[in-house]
$ cat input07.txt   # compact mmCIF, C-alpha atoms
# COMPACT_ATOMS: atom_id res chain seq x y z
CA MET A 1 93.11 219.51 -50.42
CA SER A 2 94.28 216.25 -52.07
CA ILE A 3 97.33 215.91 -49.84
CA SER A 4 95.12 216.07 -46.76
CA SER A 5 92.84 213.38 -48.19
CA SER A 6 95.94 211.23 -48.68
CA LEU A 7 96.66 211.57 -44.98
CA ASN A 8 93.08 210.61 -44.10
CA ALA A 9 93.24 207.61 -46.44
CA GLY A 10 96.45 206.44 -44.80
CA VAL A 11 94.88 206.72 -41.33
CA ALA A 12 91.82 204.80 -42.55
CA GLY A 13 94.13 202.13 -43.94
CA LEU A 14 95.89 201.78 -40.59
CA SER A 15 92.54 201.45 -38.81
CA ALA A 16 91.19 198.91 -41.30
CA ASN A 17 94.27 196.72 -41.15
CA ALA A 18 94.32 196.96 -37.37
CA THR A 19 90.76 195.61 -37.40
CA ARG A 20 91.79 192.80 -39.72
CA LEU A 21 94.74 191.95 -37.48
CA ALA A 22 92.37 191.79 -34.50
CA THR A 23 90.17 189.19 -36.22
CA ILE A 24 93.25 187.20 -37.30
CA SER A 25 94.50 187.28 -33.72
CA ASP A 26 91.11 186.06 -32.46
CA ASN A 27 91.08 183.23 -35.00
CA ILE A 28 94.59 182.09 -34.09
CA ALA A 29 93.88 182.37 -30.36
CA ASN A 30 90.89 180.04 -30.84
CA SER A 31 92.61 177.58 -33.16
CA ALA A 32 92.23 174.90 -30.47
CA THR A 33 88.75 175.94 -29.31
CA TYR A 34 86.09 173.28 -29.99
CA GLY A 35 83.27 174.57 -32.17
CA TYR A 36 84.87 177.93 -32.91
CA ARG A 37 83.70 179.58 -36.14
CA ARG A 38 86.27 181.96 -37.63
CA VAL A 39 85.79 185.68 -38.26
CA GLU A 40 86.53 187.18 -41.66
CA THR A 41 87.32 190.85 -42.38
CA ASP A 42 86.62 192.44 -45.76
CA PHE A 43 87.59 195.93 -46.99
CA GLN A 44 85.32 198.34 -48.88
CA SER A 45 86.65 201.43 -50.61
CA MET A 46 85.22 204.83 -49.67
CA VAL A 47 85.08 207.02 -52.81
CA THR A 48 84.65 210.79 -52.65
CA GLY A 49 85.32 211.26 -56.37
CA ALA A 50 87.26 213.68 -58.57
CA LYS A 51 86.34 217.24 -59.41
CA GLY A 52 88.06 219.90 -61.49
CA GLY A 53 90.98 217.62 -62.29
CA LYS A 54 91.68 216.97 -58.60
CA TYR A 55 91.19 213.63 -56.88
CA SER A 56 90.38 213.24 -53.17
CA ALA A 57 91.16 209.91 -51.56
CA GLY A 58 88.19 208.43 -49.71
CA GLY A 59 90.09 205.68 -47.92
CA VAL A 60 88.89 202.27 -46.83
CA GLN A 61 86.43 200.81 -44.37
CA ALA A 62 86.67 197.40 -42.70
CA SER A 63 83.68 195.11 -42.02
CA SER A 64 83.86 191.82 -40.14
CA ARG A 65 81.50 188.87 -39.92
CA ARG A 66 81.61 185.44 -38.38
CA LEU A 67 81.29 182.53 -40.82
CA ILE A 68 78.91 180.51 -38.68
CA ASP A 69 77.86 178.21 -41.52
CA THR A 70 81.41 176.93 -41.99
CA GLY A 71 82.41 174.41 -39.35
CA GLY A 72 85.55 172.53 -38.47
CA SER A 73 86.51 168.88 -38.68
CA LEU A 74 84.88 166.24 -36.47
CA ILE A 75 87.08 164.17 -34.18
CA PRO A 76 86.14 161.09 -32.13
CA THR A 77 86.13 161.03 -28.32
CA THR A 78 85.39 158.45 -25.62
CA ASN A 79 82.43 160.20 -23.97
CA PRO A 80 78.95 159.15 -25.23
CA THR A 81 77.60 162.63 -24.51
CA ASP A 82 80.24 164.48 -26.50
CA LEU A 83 78.01 165.73 -29.30
CA ALA A 84 78.60 167.36 -32.66
CA VAL A 85 76.37 168.17 -35.63
CA ARG A 86 77.20 166.82 -39.06
CA GLY A 87 75.41 169.12 -41.46
CA ARG A 88 73.05 171.98 -40.81
CA GLY A 89 71.66 172.91 -37.39
CA PHE A 90 72.64 173.72 -33.82
CA LEU A 91 72.27 172.02 -30.44
CA PRO A 92 69.78 173.74 -28.08
CA VAL A 93 71.38 174.76 -24.80
CA ALA A 94 70.61 177.07 -21.89
CA SER A 95 72.37 178.40 -18.82
CA ALA A 96 72.54 175.72 -16.14
CA ASN A 97 72.65 178.43 -13.46
CA ALA A 98 69.39 179.93 -14.75
CA ILE A 99 67.73 176.51 -14.68
CA LYS A 100 68.85 175.76 -11.13
CA ALA A 101 67.68 179.23 -10.07
CA GLY A 102 64.16 178.18 -11.03
CA ASN A 103 63.85 179.83 -14.42
CA GLN A 104 61.19 177.78 -16.19
CA ASN A 105 61.87 179.34 -19.59
CA PRO A 106 65.60 180.18 -19.84
CA GLN A 107 67.02 181.91 -22.89
CA LEU A 108 67.54 179.48 -25.74
CA MET A 109 71.09 179.46 -27.07
CA MET A 110 72.48 177.58 -30.04
CA ALA A 111 75.75 175.64 -29.81
CA THR A 112 77.73 173.89 -32.53
CA THR A 113 79.20 171.18 -30.31
CA GLY A 114 79.59 170.33 -26.65
CA SER A 115 80.99 167.92 -24.10
CA PHE A 116 78.12 167.22 -21.71
CA ARG A 117 78.33 165.28 -18.46
CA PRO A 118 75.90 164.82 -15.57
CA ASP A 119 76.35 167.29 -12.71
CA LYS A 120 75.47 166.55 -9.08
CA ASP A 121 71.76 166.98 -9.88
CA GLY A 122 71.88 164.76 -12.98
CA TYR A 123 71.64 167.57 -15.56
CA LEU A 124 73.77 167.14 -18.67
CA VAL A 125 76.00 170.21 -18.48
CA SER A 126 79.08 171.26 -20.44
CA GLU A 127 82.28 172.53 -18.87
CA ALA A 128 81.10 176.04 -19.78
CA GLY A 129 77.93 175.67 -17.69
CA LEU A 130 75.55 175.07 -20.60
CA ALA A 131 72.71 172.60 -20.03
CA LEU A 132 71.64 170.43 -22.97
CA MET A 133 67.93 170.82 -23.78
CA GLY A 134 65.45 168.38 -25.30
CA TRP A 135 61.87 167.15 -25.41
CA PRO A 136 60.97 164.54 -22.77
CA ALA A 137 59.44 161.28 -23.97
CA ASN A 138 56.11 159.87 -22.88
CA THR A 139 56.11 156.83 -20.61
CA ASP A 140 55.64 154.55 -23.64
CA GLY A 141 58.69 156.00 -25.41
CA THR A 142 56.78 158.16 -27.88
CA PHE A 143 56.96 161.95 -28.12
CA PRO A 144 54.09 164.45 -27.89
CA ASN A 145 53.39 167.01 -30.58
CA VAL A 146 55.05 170.25 -29.52
CA PRO A 147 55.49 173.68 -31.14
CA ARG A 148 58.67 173.75 -33.21
CA ASP A 149 59.06 177.54 -33.27
CA SER A 150 59.09 177.96 -29.50
CA ASN A 151 61.32 176.67 -26.73
CA ASN A 152 58.47 176.38 -24.21
CA ALA A 153 58.36 172.56 -24.46
CA LEU A 154 62.13 172.13 -24.10
CA GLU A 155 63.44 170.81 -20.80
CA PRO A 156 66.98 170.29 -19.53
CA ILE A 157 68.04 166.68 -20.02
CA ARG A 158 68.36 165.09 -16.62
CA LEU A 159 69.66 161.60 -15.86
CA LEU A 160 68.26 160.05 -12.68
CA THR A 161 71.19 157.68 -12.18
CA THR A 162 70.57 157.25 -8.44
CA GLU A 163 66.89 156.33 -8.72
CA LEU A 164 65.45 152.84 -9.13
CA ALA A 165 63.22 152.06 -12.07
CA GLY A 166 61.24 149.04 -13.13
CA SER A 167 59.21 148.13 -16.17
CA PRO A 168 56.00 146.05 -15.87
CA THR A 169 55.33 143.31 -18.39
CA THR A 170 52.55 144.27 -20.79
CA ALA A 171 53.03 141.74 -23.58
CA VAL A 172 53.92 138.04 -23.88
CA ALA A 173 54.49 136.10 -27.11
CA LEU A 174 54.22 132.30 -27.28
CA GLY A 175 56.01 130.15 -29.85
CA VAL A 176 55.38 126.66 -28.46
CA ASN A 177 55.29 123.41 -30.43
CA LEU A 178 52.79 120.87 -29.14
CA PRO A 179 53.27 117.17 -30.03
CA SER A 180 50.83 116.06 -32.73
CA THR A 181 51.02 112.46 -31.41
CA SER A 182 49.19 113.54 -28.25
CA THR A 183 45.95 114.27 -30.17
CA VAL A 184 45.55 110.91 -31.90
CA ALA A 185 43.30 108.08 -30.77
CA GLY A 186 44.85 105.97 -28.04
CA ALA A 187 47.30 108.67 -26.86
CA ALA A 188 47.99 109.02 -23.13
CA GLY A 189 46.67 112.58 -23.08
CA ASP A 190 49.64 113.97 -21.16
CA VAL A 191 49.25 117.58 -20.07
CA GLU A 192 52.11 119.91 -21.05
CA VAL A 193 53.09 122.65 -18.60
CA LEU A 194 54.75 126.02 -19.13
CA SER A 195 55.62 128.69 -16.54
CA ILE A 196 56.43 132.25 -17.58
CA GLU A 197 57.82 134.77 -15.13
CA TYR A 198 56.71 138.35 -15.67
CA TYR A 199 57.10 141.63 -13.79
CA GLY A 200 54.37 143.46 -11.94
CA ASN A 201 53.79 147.19 -11.70
CA LEU A 202 56.25 147.49 -8.81
CA GLY A 203 58.90 145.37 -10.52
CA GLN A 204 58.10 142.28 -8.45
CA PRO A 205 58.24 138.88 -10.20
CA GLU A 206 54.96 137.09 -10.90
CA THR A 207 54.16 133.89 -12.81
CA LEU A 208 51.82 132.78 -15.55
CA ASN A 209 51.19 129.03 -15.19
CA ILE A 210 49.98 127.61 -18.50
CA THR A 211 48.67 124.09 -19.13
CA PHE A 212 48.11 122.52 -22.56
CA THR A 213 45.63 119.60 -22.46
CA PRO A 214 45.21 117.52 -25.63
CA THR A 215 41.81 116.36 -26.84
CA VAL A 216 42.14 112.61 -27.44
CA PRO A 217 39.46 111.32 -29.86
CA ALA A 218 37.98 107.85 -30.04
CA THR A 219 39.28 107.48 -33.57
CA GLY A 220 41.56 109.45 -35.86
CA SER A 221 43.21 112.72 -34.81
CA SER A 222 41.59 115.80 -33.25
CA ASN A 223 44.52 118.25 -33.63
CA GLU A 224 42.95 120.12 -30.69
CA TRP A 225 44.38 121.48 -27.44
CA ARG A 226 42.88 123.36 -24.52
CA MET A 227 45.09 126.07 -23.03
CA GLU A 228 44.43 127.39 -19.51
CA ILE A 229 46.36 130.36 -18.13
CA ARG A 230 46.58 131.00 -14.39
CA ASP A 231 48.06 134.13 -12.78
CA SER A 232 49.97 134.08 -9.49
CA ALA A 233 49.12 137.75 -8.89
CA SER A 234 45.40 136.85 -9.11
CA GLY A 235 45.50 134.05 -6.52
CA ASN A 236 46.34 131.53 -9.25
CA ALA A 237 42.91 132.07 -10.80
CA VAL A 238 42.25 131.19 -14.45
CA ILE A 239 42.52 134.41 -16.48
CA GLY A 240 42.40 132.81 -19.93
CA ASP A 241 40.91 129.62 -21.38
CA TYR A 242 41.23 128.86 -25.10
CA THR A 243 40.65 125.88 -27.38
CA MET A 244 43.16 125.73 -30.24
CA THR A 245 42.78 123.63 -33.37
CA PHE A 246 45.71 123.07 -35.74
CA GLU A 247 45.88 122.45 -39.51
CA ASP A 248 46.91 119.10 -40.92
CA ALA A 249 46.72 120.03 -44.61
CA ARG A 250 49.93 119.74 -46.63
CA THR A 251 50.33 123.48 -47.40
CA ASP A 252 50.10 124.91 -43.87
CA ALA A 253 50.30 121.85 -41.64
CA GLY A 254 50.97 122.55 -37.99
CA THR A 255 49.75 126.17 -37.98
CA LEU A 256 46.73 127.45 -36.08
CA GLN A 257 43.44 126.74 -37.80
CA ALA A 258 41.07 128.20 -35.18
CA VAL A 259 41.11 129.58 -31.65
CA VAL A 260 37.94 129.55 -29.55
CA THR A 261 37.78 131.78 -26.48
CA ASN A 262 36.22 129.95 -23.55
CA SER A 263 37.01 132.70 -21.03
CA GLY A 264 39.29 135.72 -20.77
CA GLY A 265 40.07 138.23 -23.48
CA ALA A 266 38.80 137.40 -26.96
CA TYR A 267 41.32 136.10 -29.50
CA ASP A 268 41.71 138.40 -32.54
CA PRO A 269 42.43 136.34 -35.68
CA VAL A 270 43.74 139.42 -37.52
CA THR A 271 46.50 140.18 -35.01
CA GLY A 272 46.82 136.75 -33.44
CA LYS A 273 46.57 138.29 -29.96
CA ALA A 274 44.30 138.28 -26.95
CA MET A 275 44.12 140.65 -23.99
CA LEU A 276 44.40 139.12 -20.51
CA ASN A 277 43.75 140.81 -17.18
CA VAL A 278 46.53 139.92 -14.74
CA GLY A 279 46.71 141.20 -11.17
CA GLY A 280 48.37 144.47 -12.19
CA GLY A 281 46.28 145.27 -15.26
CA PRO A 282 45.94 144.28 -18.93
CA MET A 283 48.53 142.07 -20.62
CA GLU A 284 48.62 141.14 -24.30
CA ILE A 285 49.35 137.54 -25.22
CA ASP A 286 50.40 136.66 -28.77
CA LEU A 287 49.43 133.16 -29.93
CA GLY A 288 50.09 133.74 -33.62
CA ILE A 289 47.98 134.46 -36.70
CA LEU A 290 45.85 131.71 -38.20
CA GLY A 291 47.64 129.86 -40.98
CA GLU A 292 50.99 131.54 -40.36
CA THR A 293 54.17 130.25 -38.77
CA GLY A 294 55.97 131.83 -35.83
CA GLY A 295 53.31 131.36 -33.15
CA MET A 296 51.75 128.26 -31.61
CA SER A 297 52.29 125.10 -33.65
CA GLN A 298 51.61 121.35 -33.60
CA LEU A 299 54.29 119.33 -35.34
CA GLY A 300 56.19 116.11 -34.75
CA ASP A 301 56.14 114.33 -31.43
CA ALA A 302 58.12 116.66 -29.15
CA TYR A 303 56.89 119.36 -26.81
CA ALA A 304 59.17 122.40 -27.26
CA PRO A 305 58.80 125.98 -25.97
CA LEU A 306 60.74 127.34 -28.93
CA LYS A 307 60.14 131.03 -28.41
CA VAL A 308 58.73 132.73 -25.35
CA GLY A 309 59.08 136.51 -25.48
CA LYS A 310 58.04 139.22 -23.05
CA ASP A 311 58.74 142.83 -22.28
CA GLY A 312 59.32 144.43 -18.89
CA ALA A 313 62.17 144.17 -16.43
CA PRO A 314 62.81 144.02 -12.70
CA VAL A 315 63.82 147.05 -10.69
CA GLY A 316 67.25 148.40 -11.66
CA THR A 317 69.41 151.51 -11.92
CA MET A 318 70.54 153.51 -14.92
CA THR A 319 74.06 152.68 -16.10
CA ASP A 320 74.60 154.86 -19.18
CA ILE A 321 72.86 156.55 -22.09
CA ASN A 322 73.08 156.57 -25.87
CA VAL A 323 72.33 159.35 -28.36
CA ASP A 324 71.56 158.30 -31.93
CA GLY A 325 71.79 160.28 -35.16
CA ASN A 326 68.16 161.40 -34.86
CA GLY A 327 68.77 162.88 -31.42
CA ILE A 328 66.93 160.11 -29.54
CA VAL A 329 68.35 159.70 -26.02
CA THR A 330 67.95 156.20 -24.58
CA ALA A 331 68.87 155.11 -21.06
CA ASN A 332 70.35 151.67 -20.35
CA TYR A 333 69.70 149.91 -17.04
CA ASN A 334 71.64 147.20 -15.26
CA THR A 335 68.69 144.86 -15.72
CA GLY A 336 69.17 144.95 -19.49
CA ILE A 337 66.23 147.17 -20.38
CA THR A 338 66.46 150.31 -22.50
CA ARG A 339 64.16 153.32 -22.22
CA THR A 340 63.67 156.27 -24.53
CA ILE A 341 63.83 159.38 -22.34
CA PHE A 342 64.49 162.46 -24.51
CA ARG A 343 64.79 163.77 -28.06
CA ILE A 344 67.37 166.47 -28.85
CA PRO A 345 66.15 168.66 -31.74
CA LEU A 346 68.36 170.64 -34.08
CA VAL A 347 67.72 174.38 -34.18
CA ASP A 348 67.99 176.00 -37.62
CA VAL A 349 67.61 179.54 -38.99
CA PRO A 350 67.42 180.66 -42.65
CA ASN A 351 70.62 182.76 -42.45
CA PRO A 352 73.00 181.45 -39.77
CA ASN A 353 75.74 183.96 -40.67
CA GLU A 354 73.48 186.75 -39.43
CA LEU A 355 72.79 185.30 -35.99
CA GLY A 356 72.40 188.43 -33.91
CA ILE A 357 74.70 187.89 -30.97
CA SER A 358 77.77 185.70 -30.67
CA LEU A 359 77.96 184.82 -26.99
CA ASP A 360 80.74 183.25 -24.98
CA PHE A 361 81.50 179.55 -25.34
CA GLN A 362 80.60 179.38 -29.08
CA THR A 363 76.89 180.00 -28.61
CA TYR A 364 74.51 182.16 -30.61
CA VAL A 365 71.00 183.60 -30.46
CA PRO A 366 68.67 184.39 -33.36
CA SER A 367 68.10 187.90 -34.70
CA SER A 368 65.78 189.58 -37.18
CA ALA A 369 68.54 189.32 -39.81
CA SER A 370 69.02 185.58 -39.27
CA GLY A 371 65.30 184.86 -39.51
CA PRO A 372 63.14 182.93 -37.02
CA TYR A 373 64.37 179.60 -35.71
CA PHE A 374 62.70 176.24 -36.21
CA MET A 375 63.46 173.03 -34.35
CA TRP A 376 63.77 169.94 -36.56
CA ASP A 377 64.08 166.30 -35.69
CA ALA A 378 67.71 165.56 -36.46
CA GLY A 379 68.09 163.88 -39.83
CA THR A 380 64.86 165.34 -41.25
CA GLY A 381 64.20 168.37 -43.43
CA PRO A 382 67.30 170.48 -44.03
CA SER A 383 68.91 169.52 -40.74
CA GLY A 384 71.95 167.31 -40.34
CA GLU A 385 72.43 164.55 -37.81
CA ILE A 386 73.71 164.45 -34.26
CA LEU A 387 76.87 162.43 -33.68
CA ALA A 388 77.75 161.05 -30.26
CA PHE A 389 81.38 160.39 -29.24
CA MET A 390 82.32 163.39 -31.42
CA ARG A 391 83.53 166.98 -31.03
CA GLU A 392 83.87 169.66 -33.70
CA GLU A 393 87.30 171.24 -33.97
CA SER A 394 87.94 174.93 -34.55
CA ALA A 395 87.29 176.15 -38.09
CA THR A 396 90.57 178.13 -37.98
CA ASP A 397 93.22 177.21 -40.55
CA VAL A 398 96.37 178.46 -38.85
CA ALA A 399 98.44 178.41 -42.06
CA SER A 400 95.92 180.63 -43.86
CA GLU A 401 95.69 182.98 -40.89
CA LEU A 402 99.49 183.38 -40.74
CA THR A 403 99.54 184.12 -44.46
CA ASP A 404 96.84 186.76 -43.97
CA MET A 405 98.83 188.15 -41.06
CA ILE A 406 101.87 188.70 -43.30
CA LYS A 407 99.75 190.48 -45.90
CA THR A 408 98.06 192.59 -43.22
CA GLN A 409 101.41 193.52 -41.69
CA ARG A 410 102.75 194.66 -45.06
CA ALA A 411 99.55 196.60 -45.82
CA TYR A 412 99.76 198.28 -42.42
CA SER A 413 103.42 199.21 -42.96
CA THR A 414 102.61 200.60 -46.42
CA ASN A 415 99.82 202.78 -45.03
CA ALA A 416 102.17 204.01 -42.35
CA LYS A 417 104.66 204.88 -45.11
CA VAL A 418 101.91 206.91 -46.83
CA ILE A 419 101.38 208.91 -43.64
CA GLN A 420 105.14 209.41 -43.30
CA THR A 421 105.35 210.61 -46.91
CA VAL A 422 102.43 213.03 -46.48
CA ASP A 423 104.09 214.38 -43.35
CA GLU A 424 107.31 215.00 -45.24
CA MET A 425 105.42 216.72 -48.06
CA LEU A 426 103.56 218.94 -45.60
CA GLN A 427 106.89 219.78 -44.00
CA GLU A 428 108.20 220.85 -47.38
CA THR A 429 105.14 223.04 -47.79
CA THR A 430 105.74 224.79 -44.49
CA ASN A 431 109.39 225.40 -45.49
CA ILE A 432 108.45 227.42 -48.58
CA LYS A 433 109.60 231.00 -48.06
CA ARG A 434 107.57 233.93 -49.21

$ encode --input "input07.txt" --output "structure tokens"
Amino acid sequence: MSISSSLNAGVAGLSANATRLATISDNIANSATYGYRRVETDFQSMVTGAKGGKYSAGGVQASSRRLIDTGGSLIPTTNPTDLAVRGRGFLPVASANAIKAGNQNPQLMMATTGSFRPDKDGYLVSEAGLALMGWPANTDGTFPNVPRDSNNALEPIRLLTTELAGSPTTAVALGVNLPSTSTVAGAAGDVEVLSIEYYGNLGQPETLNITFTPTVPATGSSNEWRMEIRDSASGNAVIGDYTMTFEDARTDAGTLQAVVTNSGGAYDPVTGKAMLNVGGGPMEIDLGILGETGGMSQLGDAYAPLKVGKDGAPVGTMTDINVDGNGIVTANYNTGITRTIFRIPLVDVPNPNELGISLDFQTYVPSSASGPYFMWDAGTGPSGEILAFMREESATDVASELTDMIKTQRAYSTNAKVIQTVDEMLQETTNIKR
């Protein structure tokens, strides 16, 4: 009976608009929730068709979905580990409780933003109890090749702020000018001395004592110096002995012409470097490339250690960390050194709006409808970049939601009026007398 179908359509309208009001209420309630992605409700008509000149109302059905690919505005903060994603992708997180319970492979969750701070164990954890995940760096600051479609290689990012750390010196670069007047006939042959402090494997200071002895010819100019390198960690033994000859031609005067290895690691003319063996292991020394500026030189009449560079640092403690746009996490120490410790990937799926489960605290997990996930280096492929000192605001537009609420309220009232009208018509039908 058509009048009965009108009643059913009115009830369906009430139910559909009640569903829409629920999503509007959820959006407004989360208008101040960082990283919240709004829910949208659409209506689809249910048609039963017309037959024999009569029409039966099919009603309406509501369907809701979360617009995960539409984010909110980014706002600056003062915490270096407040992170947000500009562009496509999600931050990998996991339950901090599961990690501390010994779960070696916790469930991977995807977050849009987060405010992470070290807990008592040093793990970077959000206020919701989500631990930030990443790939640990090798000791030399590089990253191993890991599977990008699995979370097996991910580890919770942990800051060892209470532990001491040192960095041994593995490379030294010399940019020393030797006086050309010392290699001419009749010169006094004064020996120039240079001491370079470096750091051993345990962070202890050691010294390279270097002497530069000019070759004084009987006539003319030799442009030749003998360099001896002694190491305090090796009982002050000679670990390198080289004879250096310098150019005096107009085009490249003062640059290295030749380096002869008397003892120690062989000089490589292509790289301009030699490998020494100090007490703690190998150390690279950079003398400069033949014919090029920037390394050892012989100009003028003044001895000048213009540039003496080295890596390594004494023992120190971690002070803070930085996260760059590519997700590289570097730790800063009070000794001035910086270490690369982690890389935070961005997790992406082909269809983010179909992520299977929306969990608490604005996190998601993949589903068959969303497609398999892949972890990109931030800033590569389709992924966006990671921004530190940033949080993502809620995607809710309160003005739009209030407007939708007014329309939903009126639609609900109209459907209620349909039910009231059908009730009155049915009452008239029951009042018909035989």

$ residues_around --input "input07.txt" --residues "Asp241 in chain A" --least-positions-apart "6" --cutoff "8 Å" --atoms "only C-alpha atoms" --output "JSON, numbers by chain"
{"A": [226, 227, 228, 229, 261, 262, 263, 264]}

$ residues_around --input "input07.txt" --residues "Gly312 in chain A" --least-positions-apart "2" --cutoff "10 Å" --atoms "all atoms listed in the file" --output "short mmCIF file (atom, residue, chain, number, x, y, z; two decimals) with C-alpha atoms, keeping the file's coordinate frame"
data_model
loop_
_atom_site.label_atom_id
_atom_site.label_comp_id
_atom_site.auth_asym_id
_atom_site.auth_seq_id
_atom_site.Cartn_x
_atom_site.Cartn_y
_atom_site.Cartn_z
CA GLY A 166 61.24 149.04 -13.13
CA SER A 167 59.21 148.13 -16.17
CA PRO A 168 56.00 146.05 -15.87
CA THR A 169 55.33 143.31 -18.39
CA THR A 170 52.55 144.27 -20.79
CA ALA A 171 53.03 141.74 -23.58
CA VAL A 172 53.92 138.04 -23.88
CA TYR A 198 56.71 138.35 -15.67
CA TYR A 199 57.10 141.63 -13.79
CA GLY A 200 54.37 143.46 -11.94
CA ASN A 201 53.79 147.19 -11.70
CA GLY A 203 58.90 145.37 -10.52
CA LYS A 310 58.04 139.22 -23.05
CA PRO A 314 62.81 144.02 -12.70
CA VAL A 315 63.82 147.05 -10.69
CA THR A 335 68.69 144.86 -15.72
CA GLY A 336 69.17 144.95 -19.49
CA ILE A 337 66.23 147.17 -20.38
CA THR A 338 66.46 150.31 -22.50
#

$ residues_around --input "input07.txt" --residues "range 117-133 of chain A" --least-positions-apart "4" --cutoff "8 Å" --atoms "all atoms listed in the file" --output "MDAnalysis selection string"
chainID A and resid 81 91:97 154:161 344 361

$ closest_residue --input "input07.txt" --among "A:Ile341, A:Ala173, A:Thr380, A:Gly35" --to "Glu284 in chain A" --atoms "only C-alpha atoms"
A:Ala173

$ axis_aligned_box --input "input07.txt" --around "range 127-132 of chain A" --padding-each-side "4 Å" --output "AutoDock Vina command-line options"
--center_x 77.0 --center_y 173.2 --center_z -20.3 --size_x 18.6 --size_y 13.6 --size_z 13.3

$ closest_residue --input "input07.txt" --among "A:Gly175, A:Trp135, A:Leu355, A:Gly381" --to "Gly272 in chain A" --atoms "all atoms listed in the file"
A:Gly175

$ residues_around --input "input07.txt" --residues "Met275 in chain A" --least-positions-apart "4" --cutoff "8 Å" --atoms "only C-alpha atoms" --output "PDB file with C-alpha atoms, keeping the file's coordinate frame"
ATOM      1  CA  GLY A 264      39.290 135.720 -20.770  1.00  0.00           C
ATOM      2  CA  GLY A 265      40.070 138.230 -23.480  1.00  0.00           C
ATOM      3  CA  ALA A 266      38.800 137.400 -26.960  1.00  0.00           C
ATOM      4  CA  TYR A 267      41.320 136.100 -29.500  1.00  0.00           C
ATOM      5  CA  PRO A 282      45.940 144.280 -18.930  1.00  0.00           C
ATOM      6  CA  MET A 283      48.530 142.070 -20.620  1.00  0.00           C
ATOM      7  CA  GLU A 284      48.620 141.140 -24.300  1.00  0.00           C
ATOM      8  CA  ILE A 285      49.350 137.540 -25.220  1.00  0.00           C
TER       9      ILE A 285
END

$ atom_distance --input "input07.txt" --atom1 "CA of Val146 in chain A" --atom2 "CA of Arg343 in chain A"
11.8 Å

$ atom_distance --input "input07.txt" --atom1 "CA of Ala29 in chain A" --atom2 "CA of Pro76 in chain A"
22.7 Å

$ atom_distance --input "input07.txt" --atom1 "CA of Ile99 in chain A" --atom2 "CA of Asp360 in chain A"
17.9 Å

$ closest_residue --input "input07.txt" --among "A:Ala111, A:Leu208, A:Leu287, A:Leu83" --to "Met390 in chain A" --atoms "all atoms listed in the file"
A:Leu83

$ residues_around --input "input07.txt" --residues "range 176-183 of chain A" --least-positions-apart "2" --cutoff "7 Å" --atoms "only C-alpha atoms" --output "PyMOL selection string"
chain A and resi 174+185+187-189+214-216+221-224+295-307

$ closest_residue --input "input07.txt" --among "A:Pro136, A:Gly13, A:Gly220, A:Gly71" --to "Pro345 in chain A" --atoms "all atoms listed in the file"
A:Pro136

$ closest_residue --input "input07.txt" --among "A:Asp404, A:Asp149, A:Glu197, A:Asp311" --to "Ile28 in chain A" --atoms "only C-alpha atoms"
A:Asp404

$ closest_residue --input "input07.txt" --among "A:Pro382, A:Gly288, A:Thr408, A:Pro205" --to "Thr41 in chain A" --atoms "all atoms listed in the file"
A:Thr408
